[in-house]
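File shown here: input.tsv, holding TSV, C-alpha atoms and all ligand atoms.
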chain	number	residue	atom	x	y	z
A	194	MET	CA	-48.02	-7.44	-26.02
A	195	GLU	CA	-47.71	-5.91	-29.46
A	196	PRO	CA	-46.31	-8.40	-32.03
A	197	ILE	CA	-42.91	-7.47	-33.43
A	198	LEU	CA	-40.73	-8.96	-36.14
A	199	ILE	CA	-37.15	-7.86	-36.66
A	200	VAL	CA	-34.70	-9.10	-39.31
A	201	HIS	CA	-31.04	-8.60	-40.16
A	202	GLY	CA	-29.32	-9.09	-43.47
A	203	GLY	CA	-25.74	-9.49	-42.30
A	204	ALA	CA	-23.00	-7.40	-40.69
A	205	GLY	CA	-19.69	-6.35	-42.24
A	206	ASP	CA	-17.97	-3.80	-44.44
A	207	ILE	CA	-20.89	-3.64	-46.83
A	208	THR	CA	-20.02	-1.45	-49.81
A	209	GLU	CA	-22.12	1.61	-50.68
A	210	ALA	CA	-23.22	-0.07	-53.91
A	211	ARG	CA	-24.82	-2.93	-51.97
A	212	VAL	CA	-26.90	-0.71	-49.66
A	213	PRO	CA	-30.03	-0.26	-51.83
A	214	GLY	CA	-30.32	-4.01	-52.49
A	215	LYS	CA	-29.96	-4.79	-48.78
A	216	PHE	CA	-32.67	-2.25	-47.89
A	217	THR	CA	-35.08	-3.67	-50.47
A	218	GLY	CA	-34.38	-7.20	-49.24
A	219	VAL	CA	-34.75	-6.62	-45.49
A	220	LYS	CA	-37.90	-4.54	-45.97
A	221	LYS	CA	-39.47	-7.23	-48.16
A	222	ALA	CA	-38.53	-9.96	-45.68
A	223	VAL	CA	-39.89	-8.13	-42.65
A	224	ARG	CA	-43.17	-7.37	-44.42
A	225	GLU	CA	-43.59	-10.99	-45.53
A	226	GLY	CA	-42.77	-12.35	-42.08
A	227	PHE	CA	-44.94	-9.84	-40.25
A	228	LYS	CA	-47.90	-10.67	-42.50
A	229	VAL	CA	-47.69	-14.25	-41.26
A	230	LEU	CA	-47.90	-12.97	-37.67
A	231	SER	CA	-50.79	-10.62	-38.37
A	232	ASP	CA	-52.66	-13.35	-40.23
A	233	GLY	CA	-52.52	-15.42	-37.03
A	234	GLY	CA	-49.47	-17.55	-37.88
A	235	SER	CA	-47.02	-18.61	-35.18
A	236	VAL	CA	-43.75	-16.88	-34.35
A	237	LEU	CA	-41.94	-19.88	-35.84
A	238	ASP	CA	-43.85	-19.51	-39.12
A	239	ALA	CA	-43.06	-15.79	-39.15
A	240	VAL	CA	-39.30	-16.08	-38.64
A	241	GLU	CA	-39.08	-18.96	-41.12
A	242	LYS	CA	-40.96	-16.93	-43.73
A	243	ALA	CA	-38.74	-13.86	-43.25
A	244	VAL	CA	-35.57	-15.95	-43.55
A	245	CYS	CA	-36.92	-17.82	-46.60
A	246	SER	CA	-37.52	-14.47	-48.28
A	247	MET	CA	-33.84	-13.55	-47.86
A	248	GLU	CA	-32.63	-17.05	-48.82
A	249	LEU	CA	-34.25	-16.47	-52.21
A	250	ASP	CA	-32.61	-13.06	-52.61
A	251	ASP	CA	-29.05	-12.83	-53.94
A	252	ASN	CA	-28.49	-9.64	-51.96
A	253	PHE	CA	-27.84	-11.99	-49.06
A	254	ASN	CA	-25.41	-14.76	-48.22
A	255	ALA	CA	-27.96	-17.51	-47.58
A	256	GLY	CA	-29.70	-19.97	-49.91
A	257	TYR	CA	-29.33	-18.51	-53.43
A	258	GLY	CA	-26.33	-16.16	-53.37
A	259	SER	CA	-24.42	-18.02	-50.64
A	260	VAL	CA	-20.66	-17.52	-50.63
A	261	LEU	CA	-18.18	-20.17	-51.84
A	262	ASN	CA	-15.72	-22.17	-49.80
A	263	ILE	CA	-12.10	-22.48	-50.89
A	264	GLU	CA	-12.99	-25.50	-53.06
A	265	GLY	CA	-15.49	-23.37	-54.99
A	266	TYR	CA	-18.74	-24.83	-53.70
A	267	ILE	CA	-21.46	-23.79	-51.25
A	268	GLU	CA	-22.01	-25.32	-47.81
A	269	MET	CA	-24.90	-23.75	-45.91
A	270	GLU	CA	-26.13	-23.88	-42.33
A	271	ALA	CA	-29.11	-22.69	-40.33
A	272	SER	CA	-30.87	-22.86	-36.98
A	273	ILE	CA	-34.31	-22.11	-35.58
A	274	MET	CA	-35.51	-22.02	-31.98
A	275	HIS	CA	-38.80	-21.62	-30.13
A	276	GLY	CA	-38.60	-19.82	-26.79
A	277	LYS	CA	-41.73	-21.43	-25.34
A	278	ASP	CA	-40.36	-24.95	-24.92
A	279	LEU	CA	-36.72	-24.29	-25.94
A	280	LYS	CA	-37.18	-26.64	-28.89
A	281	ALA	CA	-34.67	-26.08	-31.67
A	282	GLY	CA	-33.46	-27.44	-34.99
A	283	CYS	CA	-30.06	-26.91	-36.57
A	284	CYS	CA	-28.38	-28.12	-39.75
A	285	THR	CA	-24.98	-27.69	-41.33
A	286	LEU	CA	-22.97	-28.60	-44.45
A	287	ILE	CA	-26.13	-28.41	-46.57
A	288	LYS	CA	-25.70	-28.39	-50.35
A	289	GLY	CA	-28.14	-27.57	-53.16
A	290	ILE	CA	-31.16	-26.75	-51.01
A	291	MET	CA	-32.80	-23.36	-51.39
A	292	HIS	CA	-34.11	-23.13	-47.82
A	293	PRO	CA	-31.75	-24.55	-45.19
A	294	ILE	CA	-33.90	-22.81	-42.55
A	295	SER	CA	-36.79	-25.13	-43.44
A	296	VAL	CA	-34.48	-28.14	-43.10
A	297	ALA	CA	-33.58	-26.87	-39.60
A	298	ARG	CA	-37.24	-26.54	-38.73
A	299	ARG	CA	-37.91	-30.06	-39.99
A	300	VAL	CA	-35.04	-31.38	-37.84
A	301	MET	CA	-36.78	-29.76	-34.86
A	302	GLU	CA	-40.21	-31.13	-35.71
A	303	LYS	CA	-39.52	-34.52	-37.24
A	304	THR	CA	-36.57	-35.97	-35.31
A	305	ASN	CA	-35.68	-36.66	-31.71
A	306	HIS	CA	-32.52	-34.68	-32.25
A	307	THR	CA	-31.55	-31.04	-32.47
A	308	PHE	CA	-28.65	-30.84	-34.91
A	309	LEU	CA	-27.95	-32.77	-38.14
A	310	GLY	CA	-24.97	-32.21	-40.40
A	311	GLY	CA	-23.37	-33.26	-43.66
A	312	GLU	CA	-24.37	-36.26	-45.75
A	313	ASN	CA	-26.84	-37.50	-43.18
A	314	ALA	CA	-28.56	-34.13	-42.95
A	315	MET	CA	-28.82	-34.23	-46.75
A	316	GLU	CA	-30.25	-37.75	-46.59
A	317	PHE	CA	-32.81	-36.54	-44.03
A	318	ALA	CA	-33.77	-33.62	-46.31
A	319	ARG	CA	-34.15	-36.02	-49.23
A	320	ARG	CA	-36.47	-38.24	-47.17
A	321	GLU	CA	-38.45	-35.14	-46.17
A	322	ASN	CA	-38.96	-34.35	-49.87
A	323	PHE	CA	-36.87	-31.18	-50.03
A	324	GLU	CA	-36.06	-30.33	-53.62
A	325	LEU	CA	-32.40	-31.10	-54.30
A	326	LEU	CA	-31.09	-28.58	-56.81
A	327	PRO	CA	-27.89	-28.92	-58.79
A	328	PRO	CA	-25.52	-27.27	-56.24
A	329	ASP	CA	-24.19	-24.88	-58.91
A	330	SER	CA	-27.64	-23.39	-59.37
A	331	LEU	CA	-27.26	-21.46	-56.09
A	332	ILE	CA	-23.94	-19.88	-57.18
A	333	THR	CA	-23.98	-16.24	-58.31
A	334	GLU	CA	-21.37	-14.27	-60.29
A	335	ASN	CA	-20.79	-12.14	-57.18
A	336	ALA	CA	-19.93	-15.21	-55.13
A	337	LYS	CA	-17.46	-16.40	-57.80
A	338	ARG	CA	-15.83	-12.98	-57.93
A	339	ALA	CA	-15.57	-12.85	-54.14
A	340	LEU	CA	-13.72	-16.18	-54.08
A	341	GLU	CA	-11.34	-15.05	-56.83
A	342	GLU	CA	-10.53	-11.94	-54.82
A	343	PHE	CA	-10.09	-14.01	-51.68
A	344	LYS	CA	-7.55	-16.20	-53.48
A	345	GLU	CA	-5.73	-13.21	-54.95
A	346	ASN	CA	-5.51	-11.63	-51.52
A	347	GLN	CA	-4.19	-14.87	-50.06
A	348	LYS	CA	-1.49	-14.95	-52.76
A	349	LYS	CA	-0.57	-11.35	-51.94
A	350	GLY	CA	-0.14	-12.39	-48.32
A	351	VAL	CA	-3.10	-10.36	-47.00
A	352	ASP	CA	-4.15	-11.61	-43.56
A	353	THR	CA	-7.39	-13.50	-44.15
A	354	THR	CA	-8.16	-14.26	-40.49
A	355	PHE	CA	-11.08	-11.87	-40.58
A	356	ALA	CA	-11.54	-12.50	-44.29
A	357	ARG	CA	-15.10	-11.37	-44.44
A	358	THR	CA	-14.33	-7.92	-43.14
A	359	GLU	CA	-11.02	-7.43	-44.93
A	360	LEU	CA	-12.38	-8.60	-48.23
A	361	ASP	CA	-15.53	-6.60	-48.12
A	362	LYS	CA	-13.45	-3.51	-48.78
A	363	THR	CA	-13.03	-4.71	-52.34
A	364	GLU	CA	-15.54	-7.42	-53.04
A	365	PRO	CA	-19.27	-7.05	-53.31
A	366	ASN	CA	-20.61	-10.12	-51.59
A	367	GLY	CA	-18.74	-10.99	-48.44
A	368	THR	CA	-21.54	-10.51	-45.97
A	369	GLY	CA	-25.21	-11.15	-45.77
A	370	THR	CA	-26.09	-13.86	-43.29
A	371	VAL	CA	-29.77	-13.49	-42.51
A	372	GLY	CA	-31.75	-13.71	-39.30
A	373	ALA	CA	-35.15	-12.97	-37.75
A	374	VAL	CA	-36.58	-12.64	-34.24
A	375	ALA	CA	-40.32	-12.44	-33.51
A	376	ILE	CA	-42.58	-12.03	-30.50
A	377	ASP	CA	-46.37	-12.49	-30.54
A	378	ARG	CA	-49.23	-11.22	-28.36
A	379	GLU	CA	-48.75	-14.05	-25.86
A	380	GLY	CA	-45.05	-13.33	-25.49
A	381	ASN	CA	-43.87	-16.31	-27.53
A	382	ILE	CA	-40.46	-15.69	-29.03
A	383	ALA	CA	-38.81	-17.46	-32.00
A	384	VAL	CA	-35.48	-16.92	-33.73
A	385	ALA	CA	-34.10	-18.15	-37.08
A	386	THR	CA	-30.67	-17.64	-38.69
A	387	SER	CA	-29.29	-18.90	-42.03
A	388	THR	CA	-25.98	-18.47	-43.87
A	389	GLY	CA	-23.55	-19.60	-46.53
A	390	GLY	CA	-20.73	-18.85	-44.06
A	391	ILE	CA	-17.63	-16.95	-45.11
A	392	THR	CA	-15.91	-16.74	-48.50
A	393	GLY	CA	-12.84	-18.97	-48.76
A	394	LYS	CA	-13.64	-21.08	-45.67
A	395	VAL	CA	-12.18	-24.57	-45.74
A	396	ALA	CA	-14.61	-27.31	-46.74
A	397	GLY	CA	-16.39	-28.59	-43.64
A	398	ARG	CA	-15.97	-25.38	-41.67
A	399	ILE	CA	-18.91	-24.72	-39.36
A	400	GLY	CA	-19.62	-21.22	-38.09
A	401	ASP	CA	-21.74	-19.70	-35.36
A	402	THR	CA	-25.02	-19.60	-37.29
A	403	PRO	CA	-26.27	-23.14	-36.57
A	404	ILE	CA	-24.96	-23.10	-32.99
A	405	LEU	CA	-27.45	-22.39	-30.22
A	406	GLY	CA	-26.20	-19.66	-27.93
A	407	ALA	CA	-23.84	-18.29	-30.58
A	408	GLY	CA	-25.90	-17.53	-33.72
A	409	THR	CA	-29.39	-18.16	-32.40
A	410	TYR	CA	-31.19	-18.37	-29.08
A	411	ALA	CA	-34.79	-17.96	-27.90
A	412	ASP	CA	-36.24	-18.18	-24.41
A	413	ASN	CA	-39.67	-16.74	-23.63
A	414	GLU	CA	-38.47	-16.04	-20.09
A	415	ILE	CA	-35.68	-13.72	-21.31
A	416	GLY	CA	-35.72	-12.91	-25.03
A	417	GLY	CA	-34.43	-13.90	-28.45
A	418	VAL	CA	-31.25	-13.08	-30.38
A	419	SER	CA	-29.91	-13.68	-33.89
A	420	THR	CA	-26.29	-12.74	-34.61
A	421	THR	CA	-24.11	-12.16	-37.66
A	422	GLY	CA	-20.46	-11.38	-38.23
A	423	HIS	CA	-17.18	-13.23	-37.88
A	424	GLY	CA	-18.35	-16.71	-36.95
A	425	GLU	CA	-15.25	-17.92	-35.13
A	426	THR	CA	-15.48	-14.85	-32.89
A	427	LEU	CA	-19.24	-15.08	-32.25
A	428	MET	CA	-18.96	-18.78	-31.49
A	429	ARG	CA	-16.07	-18.47	-29.06
A	430	PHE	CA	-17.83	-15.63	-27.28
A	431	ASN	CA	-21.20	-17.40	-27.28
A	432	ALA	CA	-22.60	-14.08	-28.40
A	433	ALA	CA	-26.36	-14.68	-28.30
A	434	GLN	CA	-26.20	-16.13	-24.77
A	435	ARG	CA	-24.00	-13.30	-23.52
A	436	ILE	CA	-26.60	-10.79	-24.65
A	437	LEU	CA	-29.41	-12.69	-22.93
A	438	GLN	CA	-27.33	-13.08	-19.80
A	439	LYS	CA	-26.95	-9.31	-19.56
A	440	ILE	CA	-30.73	-8.95	-19.80
A	441	SER	CA	-31.53	-11.65	-17.24
A	442	CYS	CA	-28.70	-11.23	-14.73
A	443	HIS	CA	-27.67	-7.60	-15.10
A	444	ASN	CA	-31.10	-6.14	-15.65
A	445	MET	CA	-30.06	-4.40	-18.84
A	446	SER	CA	-32.48	-3.32	-21.56
A	447	ALA	CA	-32.32	-5.25	-24.86
A	448	GLN	CA	-30.45	-2.36	-26.46
A	449	GLU	CA	-27.94	-1.97	-23.59
A	450	ALA	CA	-27.29	-5.72	-23.47
A	451	THR	CA	-26.79	-6.09	-27.22
A	452	GLU	CA	-24.42	-3.15	-27.30
A	453	ALA	CA	-22.44	-4.12	-24.20
A	454	ALA	CA	-21.96	-7.77	-25.20
A	455	LEU	CA	-20.83	-7.00	-28.74
A	456	LYS	CA	-18.45	-4.26	-27.59
A	457	GLU	CA	-16.95	-6.68	-25.08
A	458	MET	CA	-16.63	-9.37	-27.76
A	459	THR	CA	-14.77	-7.15	-30.20
A	460	ALA	CA	-12.56	-5.70	-27.47
A	461	ARG	CA	-11.49	-9.18	-26.37
A	462	LEU	CA	-11.43	-11.13	-29.62
A	463	VAL	CA	-10.97	-8.43	-32.31
A	464	GLY	CA	-13.55	-9.96	-34.70
A	465	THR	CA	-16.66	-7.89	-35.31
A	466	GLY	CA	-20.35	-8.71	-35.47
A	467	GLY	CA	-23.91	-7.59	-34.98
A	468	ALA	CA	-27.12	-8.79	-33.39
A	469	ILE	CA	-30.84	-8.21	-33.24
A	470	THR	CA	-32.64	-8.81	-29.94
A	471	ILE	CA	-36.18	-8.76	-28.58
A	472	ASP	CA	-36.60	-9.19	-24.83
A	473	LYS	CA	-39.64	-10.70	-23.12
A	474	LYS	CA	-41.09	-7.22	-22.55
A	475	GLY	CA	-41.03	-6.58	-26.29
A	476	GLN	CA	-38.08	-4.18	-26.20
A	477	ILE	CA	-35.75	-4.18	-29.18
A	478	GLY	CA	-31.94	-4.21	-29.35
A	479	ILE	CA	-29.94	-3.55	-32.52
A	480	TYR	CA	-26.17	-3.12	-32.50
A	481	PHE	CA	-23.06	-3.96	-34.53
A	482	THR	CA	-19.33	-3.44	-34.12
A	483	SER	CA	-18.88	-4.01	-37.88
A	484	LYS	CA	-19.07	-1.09	-40.25
A	485	ARG	CA	-22.63	-1.83	-41.29
A	486	MET	CA	-25.52	-4.21	-40.65
A	487	ALA	CA	-28.80	-4.15	-42.56
A	488	TRP	CA	-31.86	-4.50	-40.31
A	489	ALA	CA	-35.59	-3.82	-40.35
A	490	TYR	CA	-38.48	-4.30	-37.96
A	491	ILE	CA	-42.23	-3.86	-37.89
A	492	LYS	CA	-44.19	-2.96	-34.80
A	493	GLY	CA	-47.78	-1.78	-35.20
A	494	ASN	CA	-48.01	0.12	-38.46
A	495	GLU	CA	-44.40	1.25	-38.45
A	496	LEU	CA	-41.55	-0.24	-40.39
A	497	HIS	CA	-38.10	0.88	-39.20
A	498	TYR	CA	-34.87	0.12	-41.01
A	499	GLY	CA	-31.22	1.09	-41.21
A	500	ILE	CA	-27.70	-0.03	-42.10
A	501	ASN	CA	-25.25	2.56	-40.70
A	502	ALA	CA	-24.61	3.11	-36.98
A	503	GLY	CA	-27.34	5.18	-35.37
A	504	GLU	CA	-29.54	5.17	-38.46
A	505	ASP	CA	-33.30	4.70	-38.06
A	506	PHE	CA	-35.52	5.36	-41.08
A	507	SER	CA	-39.22	4.70	-40.81
A	508	GLU	CA	-42.25	4.36	-43.00
A	509	ASN	CA	-45.86	3.40	-42.55
A	510	THR	CA	-46.54	-0.23	-43.46
A	511	THR	CA	-49.61	0.82	-45.37
A	512	GLU	CA	-47.23	2.58	-47.82
A	513	LYS	CA	-45.60	0.48	-50.54
B	1	LIG	N1	-21.53	-15.56	-39.00
B	1	LIG	C1	-21.43	-16.10	-40.32
B	1	LIG	C2	-20.31	-17.13	-40.34
B	1	LIG	O1	-19.24	-16.84	-39.86
B	1	LIG	C3	-21.13	-15.08	-41.38
B	1	LIG	C4	-21.92	-13.81	-41.34
B	1	LIG	O2	-22.66	-13.55	-40.40
B	1	LIG	O3	-21.84	-13.04	-42.30
B	1	LIG	O4	-20.50	-18.18	-40.88

Can you dump the structure from the file as structure tokens?
Amino acid sequence: MEPILIVHGGAGDITEARVPGKFTGVKKAVREGFKVLSDGGSVLDAVEKAVCSMELDDNFNAGYGSVLNIEGYIEMEASIMHGKDLKAGCCTLIKGIMHPISVARRVMEKTNHTFLGGENAMEFARRENFELLPPDSLITENAKRALEEFKENQKKGVDTTFARTELDKTEPNGTGTVGAVAIDREGNIAVATSTGGITGKVAGRIGDTPILGAGTYADNEIGGVSTTGHGETLMRFNAAQRILQKISCHNMSAQEATEAALKEMTARLVGTGGAITIDKKGQIGIYFTSKRMAWAYIKGNELHYGINAGEDFSENTTEK
């Protein structure tokens, strides 16, 4: 099996001005993650590395550059899963930590549990020697502006149910959850997803990203999926599981399953989203019902990437 790493950098109404930054970010992340795989690292190491790269990048809504809740502060969440033994780690309501994905991995590896949240997750991170940054240090000007626009829109009576998609028409930083799926030569699959959530969410709101079966799922016997988009919708639809179910029970290809599940989700629940999938045969699925979703993958020497529907640019990985 040829190793593959695929990443996404969030789905939504991404403005034209944000496209170059998203491309640079997803291409950098996929190269960094794939290098881990080609240097003999595990699929877990590879997806964590790719997500960490985007958590450091303010082109994305994860780690540095996360969006603000209605109170004006950041609460982040993440999950990671290994398809070999179905081990997973999830965390939510994380503040002032650059790499929530690494907290999730530590939950998986250092506790008897799968999901930690809030103050006790922070206490766990402290004990595990994660650097605790002043929470404001992760806030960008874009995130502040996005919250101001959210509040103005609320005052004007704009429906904020699907805030992230409505707002993205005017604001520059409403989307950008990040995710990665990898498969290695032995067919091991891992998935990681990390986010700051949605602008203007109430404090304590938890989205799909840290929830297994919604934002993240990996099973070597079927495949792996990371999703992005309107969290309440993805969570209620159990989006990642629905995609895998179409592969395992309906014999669909990764692409057919990803497309069919997301179309069904948006038809039934209105909210939009996107997903990246790799099935156990190493086939790739990429689809979104949102206007755009940044993605990139490497297989062999080829790096493919895109952001608009049907787009597929490629370059050789030996090129810079
Ligand atoms: N799904 C994330 C959430 O609702 C947001 C996103 O993917 O952009 O928290």

I'd like the interatomic distance between CA of Met247 in chain A and CA of Lys484 in chain A, to a tenth of an Å.
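Distance between the two atoms: 20.8 Å.
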
All residues within 10 Å of ligand LIG 1 (chain B) are required, counting only C-alpha atoms and all ligand atoms; please report them as number ranges by chain.
A: 201-205, 253-255, 260, 269-271, 355-358, 366-372, 386-392, 394, 398-403, 407-408, 419-428, 465-468, 486

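Each of A:Glu495, A:Glu341, A:Glu241, A:Asp251 was compared to Ser272 in chain A using all atoms listed in the file, and A:Glu241 turns out to be the nearest.
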
Which residue, A:Glu312, A:Glu452, A:Glu264, A:Glu414, has the smallest gap to Leu286 in chain A when you use all atoms listed in the file?
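Using all atoms listed in the file, the shortest distance to Leu286 in chain A belongs to A:Glu312.
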
Phe317 in chain A proximity check over A:Ile469, A:Cys284, A:Leu261, A:Val374, using only C-alpha atoms: winner is A:Cys284

Write out as a PyMOL selection string the residues lying within 12 Å of Gly503 in chain A, counting all atoms listed in the file and excluding same-chain residues fewer than 2 positions away.
chain A and resi 452+479-482+484-488+498-501+505-506

For Phe323 in chain A, the nearest of the candidates A:Lys348, A:Arg435, A:His292, A:Lys242, counting all atoms listed in the file:
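Closest candidate: A:His292.
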
Straight-line distance linking CA of Arg378 in chain A with CA of Phe227 in chain A, stated in Å to one decimal
12.7 Å

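If you measure from each of A:Ala385, A:Leu331, A:Ala210, A:Val351 to Val296 in chain A using all atoms listed in the file, the closest one turns out to be A:Ala385.
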
Which protein, DNA or RNA residues have an atom at most 12 Å from (-28.4, -13.0, -19.3), counting all atoms listed in the file? List them as an MDAnalysis selection string.
chainID A and resid 406 410:412 414:418 431:447 449:451 453:454 472

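The interatomic distance for the pair CA of Glu316 in chain A and CA of Leu279 in chain A works out to 25.5 Å.
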
Could you tell me which of A:Leu462, A:Asn413, A:Thr217, A:His306 comes closest to Asp377 in chain A if we count only C-alpha atoms?
A:Asn413
